[in-house]
Amino acid sequence: MTTTARPYVGTALDRVEGMEKVTGRARYAYEHSPDELAYAVPVQASIARGEVRAIDVQAALTIPGVIAIIWHRNAPRLAPADNAELSVLQSARVAYRGQYIAVAVAETLQAAGEAARSLSVDYAGEPHDTELRADHPGLYRPEKVNAGYPTDSEHGDPDAAMEAAPIRVDATYSTPAEHNNPMEPHATVARWDADGLTLYDSTQGASAVRATLAALFTMPPANVRVIASHVGGGFGSKGQPLAPVVLAALAAKHVTRPVKLAVPRQQMFAVTGYRTPTIQRVRLGADVDGRLTAIVHEAIAQCSTIREFVEQTTTPTRIMYAAPNRRTTHRVVKLDVPTPSWMRAPGEAPGMFALESAMDELAIACGIDPVELRVRNEPDADPESGEPFSSRNLVACLREGARRFGWADRDPTPGARLVGRTLIGTGVAASTYPAYRSPSQASARLEPDGRYTVRIAATDIGTGARTVLTQIAADALRTSPDRVTVEIGDSALPPATLAGGSMGTASWGTAVVRACEALREQVSRSGDLPSAGLEAAADTKEEVGAQERFSRHAFGAQFAEVGVDVDTGEARVLRLLGVFAAGRIVNPKTARSQFIGGMTMGLSTALFEESLMDREFGDYLNRDLAQYHVAACADVRDIEAVWIEEDDPHLNPMGTKGIGEIGIVGTAAAIANAVHHATGIRIRDLPIRLDKLLR
């Protein structure tokens, strides 16, 4: 085995699949075309609640090339699922406008589309409710919230402490529904044969899709293979199997031919998840020196009537600042709306907007600099669990960010800086995200030619997973990256957790390191290399389950400078700086892209993104990227992401924390705080539209 002293973890290695992508050789799900391929176009419900009485399919079946129209009367039967969203075409019930009620399958995409449009559907409609409001009579306390967190938490007597506090903030903040909108839409090519089901799927987790589809179609997981070689983004929407992949497999089974299905952009606003809107009340009590004595954070959200999903909106408040009296709660109401799901930094993104906006309001009430206020309330240990932090460098991020941003020169007076017809303001907010790690498996092989092959069913959704795993493997094998091939994106490989929760590198990397260590041990014992090579495998379930009890989180600080036109109310972000403490950075090049991508998404959250519900029809009105606005290049003027060195031995063999999501957290609050500093107007409901400022 070749040895090298050079550590490749920490170097800016180019993407190992970069040439494939720029030359077009990288194949995404929809680009696979088996023989005898048919095309599927789903049909969505046009009512928000009720039943499908009948579907007249006669006209559709006369269209040349149409193979079948599938609906609940003739669809293959599926096993019951805990997630009712996956019971596609299994009943007449309609739970929300846009739910799949049929699918047209044809020889061409055009014929399938024409057939879908020609269907005549008879409904039995019922009154619907799609409005989230703080006084909704259907609000209830769920048993738990996303990621398994307790629904509520309470320490001390926050009400009494709030009443006694000399300085108080009591404000309500709201965030709208937001839709993920990855560049590549959800797409699947499904093929059945004697061996079972093969899916080419745009997913963040091939292993999870295999397990779910195997259960639905009552077959062993070994008879399902999911291939996701390249994925064009997900932002959480592809983190779990949803209705489209089930529909593709069901349609292929019905027509006994391979079927290709891509979700049009317009349909993604109903069937592929979204971030729930929130209504959040934050109350902060502090002494005259700005030290918190009480924190109360209460969140209200929505879910569908067929599946409960409750975003963990107030959980970051539990670990952020020291206060002896605290309460955090979640309440949810079931509405006749699509099911919300994961969207980048679920919980932290909307929750920290409210908390960090309230902290800015507290700083103003106390007459204390917003950076200094956060430093004064730094906890010694996790306020919720009492466990020590594995590492916590929020203060270092705030100090370094203030230095780089020129914060010391800031006049705290709102509305004091006018340049031409533009009011200029600056704002700050903190960021945090948990450092998760999940069990995964990997194998490492020394080939007869002296090269190495590492296999794991990880997924690269554009983040650079292949590249960082190559670097991690090269260091563990004490060789160079050009001698390592990493195979991912296939459920036939050793099973792995999904690409989500900012835990991919930590989880997969641990398995890769352990497999490579085992291979090195085999090589040292074997002497001569066998003609067939050598292979070792690792499973990290026991290691992950036995890890020490620490509170593990990444932290960061966001600084924003905005300009607001005094005549039009239009707000522009002029500068954005993020400083992060996220363990060891494996690849500075791909890491910078992740941080900047998250910050750009946070900018988009602050100023643009908003899905608007039409209560009469029970549907989101803006259903494409012409009407659902996201930040474009012209909106991202000066954006910088840096990090501080952080050595944390309590994480994983690489010393890494996740970086995919922390960039979005805190950005919207920093921008909103900057807008207040510029104008003196506090916007508590996102996005920050010009009409809100002009009012």
# chains A, B, ... in the order shown; residues from 1 in each chain; ligands from 1
>>> residues_around(residues="A:Leu109", least_positions_apart="6", cutoff="8 Å", atoms="only C-alpha atoms", output="MDAnalysis selection string")
chainID A and resid 39:41
>>> select_by_dssp(residues="stretch 354-467 of chain A", states="helix (DSSP H, G or I)", output="JSON list (two decimals) with all heavy atoms, in the first residue's frame")
[["chain", "number", "residue", "atom", "x", "y", "z"],
["A", 354, "ALA", "N", -37.39, 34.60, 13.97],
["A", 354, "ALA", "CA", -38.16, 35.21, 15.05],
["A", 354, "ALA", "C", -37.27, 35.52, 16.25],
["A", 354, "ALA", "O", -37.29, 36.64, 16.79],
["A", 354, "ALA", "CB", -39.31, 34.28, 15.46],
["A", 355, "LEU", "N", -36.49, 34.54, 16.69],
["A", 355, "LEU", "CA", -35.67, 34.75, 17.88],
["A", 355, "LEU", "C", -34.66, 35.87, 17.68],
["A", 355, "LEU", "O", -34.50, 36.75, 18.53],
["A", 355, "LEU", "CB", -34.94, 33.46, 18.25],
["A", 355, "LEU", "CG", -33.95, 33.57, 19.42],
["A", 355, "LEU", "CD1", -34.68, 33.93, 20.71],
["A", 355, "LEU", "CD2", -33.15, 32.29, 19.58],
["A", 356, "GLU", "N", -33.96, 35.86, 16.54],
["A", 356, "GLU", "CA", -32.90, 36.84, 16.32],
["A", 356, "GLU", "C", -33.45, 38.23, 16.00],
["A", 356, "GLU", "O", -32.78, 39.23, 16.25],
["A", 356, "GLU", "CB", -31.96, 36.35, 15.22],
["A", 356, "GLU", "CG", -31.12, 35.15, 15.64],
["A", 356, "GLU", "CD", -30.24, 35.46, 16.83],
["A", 356, "GLU", "OE1", -29.33, 36.30, 16.70],
["A", 356, "GLU", "OE2", -30.47, 34.89, 17.92],
["A", 357, "SER", "N", -34.66, 38.30, 15.48],
["A", 357, "SER", "CA", -35.31, 39.60, 15.35],
["A", 357, "SER", "C", -35.67, 40.14, 16.73],
["A", 357, "SER", "O", -35.48, 41.33, 17.04],
["A", 357, "SER", "CB", -36.57, 39.48, 14.48],
["A", 357, "SER", "OG", -36.25, 39.14, 13.15],
["A", 358, "ALA", "N", -36.18, 39.25, 17.59],
["A", 358, "ALA", "CA", -36.53, 39.67, 18.95],
["A", 358, "ALA", "C", -35.29, 40.10, 19.74],
["A", 358, "ALA", "O", -35.34, 41.05, 20.53],
["A", 358, "ALA", "CB", -37.25, 38.53, 19.68],
["A", 359, "MET", "N", -34.17, 39.40, 19.52],
["A", 359, "MET", "CA", -32.93, 39.79, 20.20],
["A", 359, "MET", "C", -32.49, 41.19, 19.76],
["A", 359, "MET", "O", -31.96, 41.97, 20.56],
["A", 359, "MET", "CB", -31.84, 38.77, 19.92],
["A", 359, "MET", "CG", -32.02, 37.45, 20.64],
["A", 359, "MET", "SD", -31.84, 37.57, 22.45],
["A", 359, "MET", "CE", -30.06, 37.77, 22.60],
["A", 360, "ASP", "N", -32.71, 41.51, 18.50],
["A", 360, "ASP", "CA", -32.39, 42.86, 18.02],
["A", 360, "ASP", "C", -33.29, 43.89, 18.69],
["A", 360, "ASP", "O", -32.82, 44.97, 19.09],
["A", 360, "ASP", "CB", -32.54, 42.91, 16.50],
["A", 360, "ASP", "CG", -31.83, 44.11, 15.89],
["A", 360, "ASP", "OD1", -30.59, 44.15, 15.96],
["A", 360, "ASP", "OD2", -32.52, 45.00, 15.36],
["A", 361, "GLU", "N", -34.57, 43.55, 18.83],
["A", 361, "GLU", "CA", -35.49, 44.46, 19.50],
["A", 361, "GLU", "C", -35.10, 44.64, 20.97],
["A", 361, "GLU", "O", -35.22, 45.74, 21.54],
["A", 361, "GLU", "CB", -36.92, 43.95, 19.37],
["A", 361, "GLU", "CG", -37.41, 43.88, 17.92],
["A", 361, "GLU", "CD", -38.92, 43.83, 17.80],
["A", 361, "GLU", "OE1", -39.57, 44.69, 18.44],
["A", 361, "GLU", "OE2", -39.43, 42.96, 17.07],
["A", 362, "LEU", "N", -34.62, 43.57, 21.60],
["A", 362, "LEU", "CA", -34.18, 43.66, 22.99],
["A", 362, "LEU", "C", -32.94, 44.54, 23.11],
["A", 362, "LEU", "O", -32.82, 45.34, 24.05],
["A", 362, "LEU", "CB", -33.91, 42.27, 23.54],
["A", 362, "LEU", "CG", -33.45, 42.21, 25.00],
["A", 362, "LEU", "CD1", -34.54, 42.72, 25.94],
["A", 362, "LEU", "CD2", -33.03, 40.80, 25.38],
["A", 363, "ALA", "N", -32.00, 44.39, 22.17],
["A", 363, "ALA", "CA", -30.80, 45.21, 22.20],
["A", 363, "ALA", "C", -31.15, 46.70, 22.14],
["A", 363, "ALA", "O", -30.58, 47.52, 22.88],
["A", 363, "ALA", "CB", -29.88, 44.83, 21.04],
["A", 364, "ILE", "N", -32.11, 47.03, 21.30],
["A", 364, "ILE", "CA", -32.53, 48.43, 21.18],
["A", 364, "ILE", "C", -33.20, 48.90, 22.48],
["A", 364, "ILE", "O", -32.94, 50.00, 22.98],
["A", 364, "ILE", "CB", -33.47, 48.60, 19.98],
["A", 364, "ILE", "CG1", -32.71, 48.33, 18.68],
["A", 364, "ILE", "CG2", -34.11, 49.98, 19.97],
["A", 364, "ILE", "CD1", -33.60, 48.23, 17.46],
["A", 365, "ALA", "N", -34.06, 48.03, 23.04],
["A", 365, "ALA", "CA", -34.74, 48.40, 24.29],
["A", 365, "ALA", "C", -33.76, 48.59, 25.44],
["A", 365, "ALA", "O", -33.98, 49.44, 26.32],
["A", 365, "ALA", "CB", -35.76, 47.32, 24.65],
["A", 366, "CYS", "N", -32.68, 47.81, 25.43],
["A", 366, "CYS", "CA", -31.68, 47.91, 26.49],
["A", 366, "CYS", "C", -30.64, 49.00, 26.22],
["A", 366, "CYS", "O", -29.85, 49.34, 27.12],
["A", 366, "CYS", "CB", -30.95, 46.58, 26.66],
["A", 366, "CYS", "SG", -31.97, 45.22, 27.26],
["A", 370, "PRO", "N", -26.10, 45.14, 19.55],
["A", 370, "PRO", "CA", -26.65, 43.81, 19.30],
["A", 370, "PRO", "C", -25.61, 42.68, 19.37],
["A", 370, "PRO", "O", -25.95, 41.56, 19.77],
["A", 370, "PRO", "CB", -27.23, 43.92, 17.89],
["A", 370, "PRO", "CG", -27.52, 45.37, 17.71],
["A", 370, "PRO", "CD", -26.44, 46.09, 18.46],
["A", 371, "VAL", "N", -24.37, 42.95, 18.99],
["A", 371, "VAL", "CA", -23.32, 41.93, 19.13],
["A", 371, "VAL", "C", -23.04, 41.70, 20.60],
["A", 371, "VAL", "O", -22.98, 40.55, 21.08],
["A", 371, "VAL", "CB", -22.05, 42.35, 18.37],
["A", 371, "VAL", "CG1", -20.89, 41.41, 18.72],
["A", 371, "VAL", "CG2", -22.29, 42.35, 16.87],
["A", 372, "GLU", "N", -22.87, 42.77, 21.35],
["A", 372, "GLU", "CA", -22.56, 42.65, 22.77],
["A", 372, "GLU", "C", -23.68, 41.97, 23.53],
["A", 372, "GLU", "O", -23.44, 41.19, 24.47],
["A", 372, "GLU", "CB", -22.29, 44.04, 23.35],
["A", 372, "GLU", "CG", -22.00, 44.06, 24.85],
["A", 372, "GLU", "CD", -20.79, 43.24, 25.24],
["A", 372, "GLU", "OE1", -19.85, 43.09, 24.41],
["A", 372, "GLU", "OE2", -20.77, 42.73, 26.38],
["A", 373, "LEU", "N", -24.93, 42.24, 23.17],
["A", 373, "LEU", "CA", -26.06, 41.60, 23.85],
["A", 373, "LEU", "C", -25.98, 40.08, 23.73],
["A", 373, "LEU", "O", -26.19, 39.36, 24.72],
["A", 373, "LEU", "CB", -27.38, 42.09, 23.25],
["A", 373, "LEU", "CG", -28.63, 41.46, 23.88],
["A", 373, "LEU", "CD1", -28.92, 42.08, 25.23],
["A", 373, "LEU", "CD2", -29.83, 41.58, 22.95],
["A", 374, "ARG", "N", -25.65, 39.60, 22.55],
["A", 374, "ARG", "CA", -25.54, 38.15, 22.35],
["A", 374, "ARG", "C", -24.38, 37.57, 23.14],
["A", 374, "ARG", "O", -24.48, 36.48, 23.70],
["A", 374, "ARG", "CB", -25.43, 37.85, 20.86],
["A", 374, "ARG", "CG", -26.74, 38.10, 20.10],
["A", 374, "ARG", "CD", -26.56, 38.10, 18.58],
["A", 374, "ARG", "NE", -27.85, 38.15, 17.90],
["A", 374, "ARG", "CZ", -28.54, 39.25, 17.67],
["A", 374, "ARG", "NH1", -28.05, 40.43, 18.06],
["A", 374, "ARG", "NH2", -29.70, 39.20, 17.04],
["A", 375, "VAL", "N", -23.28, 38.29, 23.19],
["A", 375, "VAL", "CA", -22.12, 37.81, 23.95],
["A", 375, "VAL", "C", -22.46, 37.72, 25.43],
["A", 375, "VAL", "O", -22.07, 36.75, 26.12],
["A", 375, "VAL", "CB", -20.91, 38.74, 23.71],
["A", 375, "VAL", "CG1", -19.76, 38.37, 24.63],
["A", 375, "VAL", "CG2", -20.48, 38.68, 22.25],
["A", 376, "ARG", "N", -23.19, 38.69, 25.95],
["A", 376, "ARG", "CA", -23.53, 38.69, 27.38],
["A", 376, "ARG", "C", -24.42, 37.51, 27.77],
["A", 376, "ARG", "O", -24.47, 37.12, 28.94],
["A", 376, "ARG", "CB", -24.25, 40.00, 27.74],
["A", 376, "ARG", "CG", -23.35, 41.20, 27.73],
["A", 376, "ARG", "CD", -24.07, 42.44, 28.24],
["A", 376, "ARG", "NE", -23.24, 43.63, 28.07],
["A", 376, "ARG", "CZ", -23.58, 44.85, 28.48],
["A", 376, "ARG", "NH1", -24.74, 45.03, 29.10],
["A", 376, "ARG", "NH2", -22.78, 45.87, 28.28],
["A", 394, "LEU", "N", -19.65, 30.57, 19.00],
["A", 394, "LEU", "CA", -20.50, 31.65, 18.52],
["A", 394, "LEU", "C", -19.87, 33.01, 18.80],
["A", 394, "LEU", "O", -19.87, 33.90, 17.94],
["A", 394, "LEU", "CB", -21.88, 31.56, 19.18],
["A", 394, "LEU", "CG", -22.83, 32.74, 18.89],
["A", 394, "LEU", "CD1", -23.08, 32.90, 17.40],
["A", 394, "LEU", "CD2", -24.14, 32.56, 19.65],
["A", 395, "VAL", "N", -19.33, 33.19, 19.99],
["A", 395, "VAL", "CA", -18.73, 34.49, 20.33],
["A", 395, "VAL", "C", -17.57, 34.80, 19.39],
["A", 395, "VAL", "O", -17.42, 35.94, 18.93],
["A", 395, "VAL", "CB", -18.26, 34.50, 21.80],
["A", 395, "VAL", "CG1", -17.46, 35.76, 22.10],
["A", 395, "VAL", "CG2", -19.47, 34.41, 22.73],
["A", 396, "ALA", "N", -16.76, 33.79, 19.09],
["A", 396, "ALA", "CA", -15.65, 34.01, 18.16],
["A", 396, "ALA", "C", -16.16, 34.43, 16.79],
["A", 396, "ALA", "O", -15.57, 35.30, 16.12],
["A", 396, "ALA", "CB", -14.80, 32.75, 18.05],
["A", 397, "CYS", "N", -17.27, 33.83, 16.35],
["A", 397, "CYS", "CA", -17.85, 34.21, 15.05],
["A", 397, "CYS", "C", -18.37, 35.64, 15.08],
["A", 397, "CYS", "O", -18.17, 36.41, 14.13],
["A", 397, "CYS", "CB", -18.99, 33.25, 14.68],
["A", 397, "CYS", "SG", -18.49, 31.57, 14.31],
["A", 398, "LEU", "N", -19.03, 36.01, 16.16],
["A", 398, "LEU", "CA", -19.53, 37.38, 16.29],
["A", 398, "LEU", "C", -18.39, 38.39, 16.30],
["A", 398, "LEU", "O", -18.46, 39.43, 15.61],
["A", 398, "LEU", "CB", -20.35, 37.50, 17.57],
["A", 398, "LEU", "CG", -21.73, 36.83, 17.57],
["A", 398, "LEU", "CD1", -22.26, 36.70, 18.99],
["A", 398, "LEU", "CD2", -22.72, 37.60, 16.70],
["A", 399, "ARG", "N", -17.34, 38.10, 17.05],
["A", 399, "ARG", "CA", -16.21, 39.04, 17.14],
["A", 399, "ARG", "C", -15.49, 39.16, 15.80],
["A", 399, "ARG", "O", -15.16, 40.27, 15.35],
["A", 399, "ARG", "CB", -15.23, 38.55, 18.21],
["A", 399, "ARG", "CG", -15.78, 38.51, 19.62],
["A", 399, "ARG", "CD", -16.09, 39.88, 20.16],
["A", 399, "ARG", "NE", -16.30, 39.86, 21.60],
["A", 399, "ARG", "CZ", -17.06, 40.73, 22.24],
["A", 399, "ARG", "NH1", -17.69, 41.69, 21.57],
["A", 399, "ARG", "NH2", -17.21, 40.66, 23.56],
["A", 400, "GLU", "N", -15.24, 38.01, 15.16],
["A", 400, "GLU", "CA", -14.54, 38.05, 13.88],
["A", 400, "GLU", "C", -15.40, 38.72, 12.81],
["A", 400, "GLU", "O", -14.90, 39.49, 11.99],
["A", 400, "GLU", "CB", -14.17, 36.63, 13.45],
["A", 400, "GLU", "CG", -13.50, 36.52, 12.08],
["A", 400, "GLU", "CD", -12.14, 37.20, 12.02],
["A", 400, "GLU", "OE1", -11.60, 37.58, 13.08],
["A", 400, "GLU", "OE2", -11.62, 37.36, 10.89],
["A", 401, "GLY", "N", -16.71, 38.44, 12.82],
["A", 401, "GLY", "CA", -17.59, 39.08, 11.86],
["A", 401, "GLY", "C", -17.65, 40.58, 12.04],
["A", 401, "GLY", "O", -17.62, 41.35, 11.08],
["A", 402, "ALA", "N", -17.73, 41.01, 13.29],
["A", 402, "ALA", "CA", -17.77, 42.45, 13.57],
["A", 402, "ALA", "C", -16.50, 43.13, 13.07],
["A", 402, "ALA", "O", -16.54, 44.24, 12.52],
["A", 402, "ALA", "CB", -17.96, 42.68, 15.06],
["A", 403, "ARG", "N", -15.37, 42.47, 13.26],
["A", 403, "ARG", "CA", -14.09, 43.04, 12.80],
["A", 403, "ARG", "C", -14.06, 43.15, 11.28],
["A", 403, "ARG", "O", -13.71, 44.20, 10.72],
["A", 403, "ARG", "CB", -12.93, 42.17, 13.28],
["A", 403, "ARG", "CG", -11.55, 42.72, 12.93],
["A", 403, "ARG", "CD", -10.46, 41.73, 13.26],
["A", 403, "ARG", "NE", -10.49, 40.57, 12.38],
["A", 403, "ARG", "CZ", -9.99, 40.55, 11.13],
["A", 403, "ARG", "NH1", -9.42, 41.65, 10.63],
["A", 403, "ARG", "NH2", -10.03, 39.45, 10.41],
["A", 404, "ARG", "N", -14.44, 42.08, 10.61],
["A", 404, "ARG", "CA", -14.39, 42.08, 9.15],
["A", 404, "ARG", "C", -15.41, 43.03, 8.54],
["A", 404, "ARG", "O", -15.17, 43.62, 7.49],
["A", 404, "ARG", "CB", -14.64, 40.66, 8.61],
["A", 404, "ARG", "CG", -13.49, 39.69, 8.80],
["A", 404, "ARG", "CD", -13.90, 38.29, 8.37],
["A", 404, "ARG", "NE", -12.79, 37.35, 8.43],
["A", 404, "ARG", "CZ", -12.03, 37.02, 7.39],
["A", 404, "ARG", "NH1", -12.26, 37.56, 6.20],
["A", 404, "ARG", "NH2", -11.04, 36.16, 7.51],
["A", 405, "PHE", "N", -16.54, 43.16, 9.18],
["A", 405, "PHE", "CA", -17.65, 43.94, 8.62],
["A", 405, "PHE", "C", -17.50, 45.44, 8.90],
["A", 405, "PHE", "O", -18.19, 46.25, 8.28],
["A", 405, "PHE", "CB", -18.97, 43.43, 9.20],
["A", 405, "PHE", "CG", -20.19, 43.79, 8.41],
["A", 405, "PHE", "CD1", -20.45, 43.19, 7.20],
["A", 405, "PHE", "CD2", -21.10, 44.71, 8.90],
["A", 405, "PHE", "CE1", -21.59, 43.51, 6.47],
["A", 405, "PHE", "CE2", -22.24, 45.04, 8.18],
["A", 405, "PHE", "CZ", -22.49, 44.43, 6.96],
["A", 407, "TRP", "N", -18.07, 46.72, 11.99],
["A", 407, "TRP", "CA", -19.22, 46.97, 12.86],
["A", 407, "TRP", "C", -18.96, 48.09, 13.87],
["A", 407, "TRP", "O", -19.89, 48.82, 14.27],
["A", 407, "TRP", "CB", -19.57, 45.67, 13.59],
["A", 407, "TRP", "CG", -20.83, 45.71, 14.38],
["A", 407, "TRP", "CD1", -20.95, 45.91, 15.72],
["A", 407, "TRP", "CD2", -22.16, 45.54, 13.88],
["A", 407, "TRP", "NE1", -22.27, 45.87, 16.10],
["A", 407, "TRP", "CE2", -23.04, 45.64, 14.99],
["A", 407, "TRP", "CE3", -22.71, 45.31, 12.62],
["A", 407, "TRP", "CZ2", -24.43, 45.51, 14.86],
["A", 407, "TRP", "CZ3", -24.09, 45.18, 12.50],
["A", 407, "TRP", "CH2", -24.93, 45.29, 13.60],
["A", 408, "ALA", "N", -17.73, 48.25, 14.27],
["A", 408, "ALA", "CA", -17.42, 49.25, 15.29],
["A", 408, "ALA", "C", -17.74, 50.67, 14.85],
["A", 408, "ALA", "O", -17.96, 51.56, 15.68],
["A", 408, "ALA", "CB", -15.93, 49.15, 15.68],
["A", 409, "ASP", "N", -17.79, 50.92, 13.56],
["A", 409, "ASP", "CA", -18.06, 52.26, 13.04],
["A", 409, "ASP", "C", -19.55, 52.54, 12.90],
["A", 409, "ASP", "O", -19.94, 53.60, 12.40],
["A", 409, "ASP", "CB", -17.38, 52.43, 11.68],
["A", 409, "ASP", "CG", -15.87, 52.28, 11.77],
["A", 409, "ASP", "OD1", -15.32, 52.63, 12.83],
["A", 409, "ASP", "OD2", -15.26, 51.80, 10.80],
["A", 465, "ALA", "N", -20.38, 15.76, -2.56],
["A", 465, "ALA", "CA", -20.19, 14.59, -1.69],
["A", 465, "ALA", "C", -19.14, 13.63, -2.23],
["A", 465, "ALA", "O", -18.32, 13.11, -1.48],
["A", 465, "ALA", "CB", -21.53, 13.86, -1.50],
["A", 466, "ARG", "N", -19.17, 13.37, -3.55],
["A", 466, "ARG", "CA", -18.18, 12.47, -4.13],
["A", 466, "ARG", "C", -16.76, 12.96, -3.83],
["A", 466, "ARG", "O", -15.87, 12.18, -3.53],
["A", 466, "ARG", "CB", -18.35, 12.40, -5.65],
["A", 466, "ARG", "CG", -19.33, 11.39, -6.17],
["A", 466, "ARG", "CD", -19.26, 11.35, -7.69],
["A", 466, "ARG", "NE", -20.22, 10.41, -8.24],
["A", 466, "ARG", "CZ", -21.50, 10.69, -8.45],
["A", 466, "ARG", "NH1", -21.96, 11.89, -8.15],
["A", 466, "ARG", "NH2", -22.31, 9.78, -8.96],
["A", 467, "THR", "N", -16.59, 14.24, -3.95],
["A", 467, "THR", "CA", -15.25, 14.82, -3.80],
["A", 467, "THR", "C", -14.76, 14.73, -2.37],
["A", 467, "THR", "O", -13.63, 14.29, -2.12],
["A", 467, "THR", "CB", -15.29, 16.29, -4.26],
["A", 467, "THR", "OG1", -15.82, 16.35, -5.59],
["A", 467, "THR", "CG2", -13.90, 16.89, -4.25]]
>>> residues_around(residues="A:Gly602", least_positions_apart="3", cutoff="6 Å", atoms="only C-alpha atoms", output="PDB file with N, CA, C and O atoms, in the first residue's frame")
ATOM      1  N   MET A 599     -26.649  31.203   2.361  1.00  0.00           N
ATOM      2  CA  MET A 599     -26.867  32.624   2.610  1.00  0.00           C
ATOM      3  C   MET A 599     -27.718  33.261   1.518  1.00  0.00           C
ATOM      4  O   MET A 599     -28.571  34.110   1.792  1.00  0.00           O
ATOM      5  N   THR A 605     -35.279  34.279   1.207  1.00  0.00           N
ATOM      6  CA  THR A 605     -36.326  34.182   2.219  1.00  0.00           C
ATOM      7  C   THR A 605     -36.711  35.561   2.740  1.00  0.00           C
ATOM      8  O   THR A 605     -37.890  35.876   2.924  1.00  0.00           O
ATOM      9  N   ILE A 664     -28.217  29.310   5.717  1.00  0.00           N
ATOM     10  CA  ILE A 664     -29.521  29.983   5.570  1.00  0.00           C
ATOM     11  C   ILE A 664     -30.013  30.534   6.900  1.00  0.00           C
ATOM     12  O   ILE A 664     -30.737  31.522   6.953  1.00  0.00           O
ATOM     13  N   THR A 667     -29.775  34.460   8.328  1.00  0.00           N
ATOM     14  CA  THR A 667     -29.606  35.467   7.273  1.00  0.00           C
ATOM     15  C   THR A 667     -30.816  36.382   7.175  1.00  0.00           C
ATOM     16  O   THR A 667     -30.682  37.613   7.073  1.00  0.00           O
ATOM     17  N   ALA A 668     -32.019  35.807   7.184  1.00  0.00           N
ATOM     18  CA  ALA A 668     -33.222  36.638   7.055  1.00  0.00           C
ATOM     19  C   ALA A 668     -33.340  37.616   8.221  1.00  0.00           C
ATOM     20  O   ALA A 668     -33.726  38.778   8.032  1.00  0.00           O
TER      21      ALA A 668
END
>>> closest_residue(among="A:Leu693, A:Val88, A:Val94, A:Ala322", to="A:Ser46", atoms="only C-alpha atoms")
A:Val94
>>> closest_residue(among="A:Val630, A:Val145, A:Leu612, A:Leu498", to="A:Glu131", atoms="only C-alpha atoms")
A:Leu612
>>> residues_around(residues="stretch 534-542 of chain A", least_positions_apart="4", cutoff="9 Å", atoms="only C-alpha atoms", output="VMD selection string")
chain A and resid 438 to 448 494 507 510 to 520 522 to 523 529 to 530 546 to 547
>>> residues_around(residues="A:Thr317", least_positions_apart="3", cutoff="12 Å", atoms="only C-alpha atoms", output="PyMOL selection string")
chain A and resi 152-154+282-284+294-299+312-314+320-323+326-329+347-356+358-359+382-384+430-433
>>> write_last_selection(atoms="C-alpha atoms", output="tab-separated table (two decimals), in the first residue's frame")
chain	number	residue	atom	x	y	z
A	152	ASP	CA	-42.72	21.60	24.44
A	153	SER	CA	-40.05	22.39	27.02
A	154	GLU	CA	-40.15	24.45	30.19
A	282	VAL	CA	-41.47	35.56	21.20
A	283	ARG	CA	-41.24	37.10	24.67
A	284	LEU	CA	-37.92	38.10	26.18
A	294	ALA	CA	-36.88	34.73	30.68
A	295	ILE	CA	-37.42	33.39	27.15
A	296	VAL	CA	-40.78	32.24	25.79
A	297	HIS	CA	-41.06	31.12	22.17
A	298	GLU	CA	-44.38	29.74	20.90
A	299	ALA	CA	-44.90	28.56	17.31
A	312	GLN	CA	-39.29	22.04	15.00
A	313	THR	CA	-39.50	25.83	14.91
A	314	THR	CA	-38.66	26.69	18.51
A	320	MET	CA	-29.06	29.53	22.05
A	321	TYR	CA	-28.89	31.78	25.11
A	322	ALA	CA	-28.58	31.50	28.87
A	323	ALA	CA	-31.79	32.26	30.79
A	326	ARG	CA	-37.63	29.33	29.54
A	327	ARG	CA	-40.59	27.86	27.66
A	328	THR	CA	-40.86	26.72	24.03
A	329	THR	CA	-43.98	25.25	22.45
A	347	GLY	CA	-37.14	24.68	12.19
A	348	GLU	CA	-33.92	26.66	12.45
A	349	ALA	CA	-34.60	28.88	9.42
A	350	PRO	CA	-38.02	30.28	10.45
A	351	GLY	CA	-37.43	29.89	14.19
A	352	MET	CA	-34.19	31.83	14.24
A	353	PHE	CA	-35.75	34.61	12.18
A	354	ALA	CA	-38.16	35.21	15.05
A	355	LEU	CA	-35.67	34.75	17.88
A	356	GLU	CA	-32.90	36.84	16.32
A	358	ALA	CA	-36.53	39.67	18.95
A	359	MET	CA	-32.93	39.79	20.20
A	382	ASP	CA	-26.57	23.58	26.81
A	383	PRO	CA	-29.42	25.43	28.57
A	384	GLU	CA	-31.90	22.68	27.68
A	430	ALA	CA	-26.65	34.44	15.03
A	431	SER	CA	-26.87	31.08	13.27
A	432	THR	CA	-26.94	27.53	14.59
A	433	TYR	CA	-27.62	24.02	13.33
>>> select_by_dssp(residues="stretch 409-656 of chain A", states="strand (DSSP E or B)", output="number ranges by chain")
A: 418-419, 422-434, 441-446, 452-455, 484-487, 490, 534-539, 551, 553-565, 571-581, 583, 611, 613-614, 619-620, 639-643, 656
>>> residues_around(residues="A:Ala626", least_positions_apart="5", cutoff="12 Å", atoms="only C-alpha atoms", output="number ranges by chain")
A: 265-266, 608-609, 621, 631-632
>>> write_last_selection(atoms="C-alpha atoms", output="tab-separated table (two decimals), in the first residue's frame")
chain	number	residue	atom	x	y	z
A	265	ARG	CA	-42.74	22.81	-12.01
A	266	GLN	CA	-46.39	23.77	-11.48
A	608	PHE	CA	-38.74	37.41	-2.09
A	609	GLU	CA	-40.06	33.94	-1.32
A	621	LEU	CA	-51.63	30.90	-6.56
A	631	ALA	CA	-33.02	35.62	-5.57
A	632	ALA	CA	-31.22	36.00	-8.89
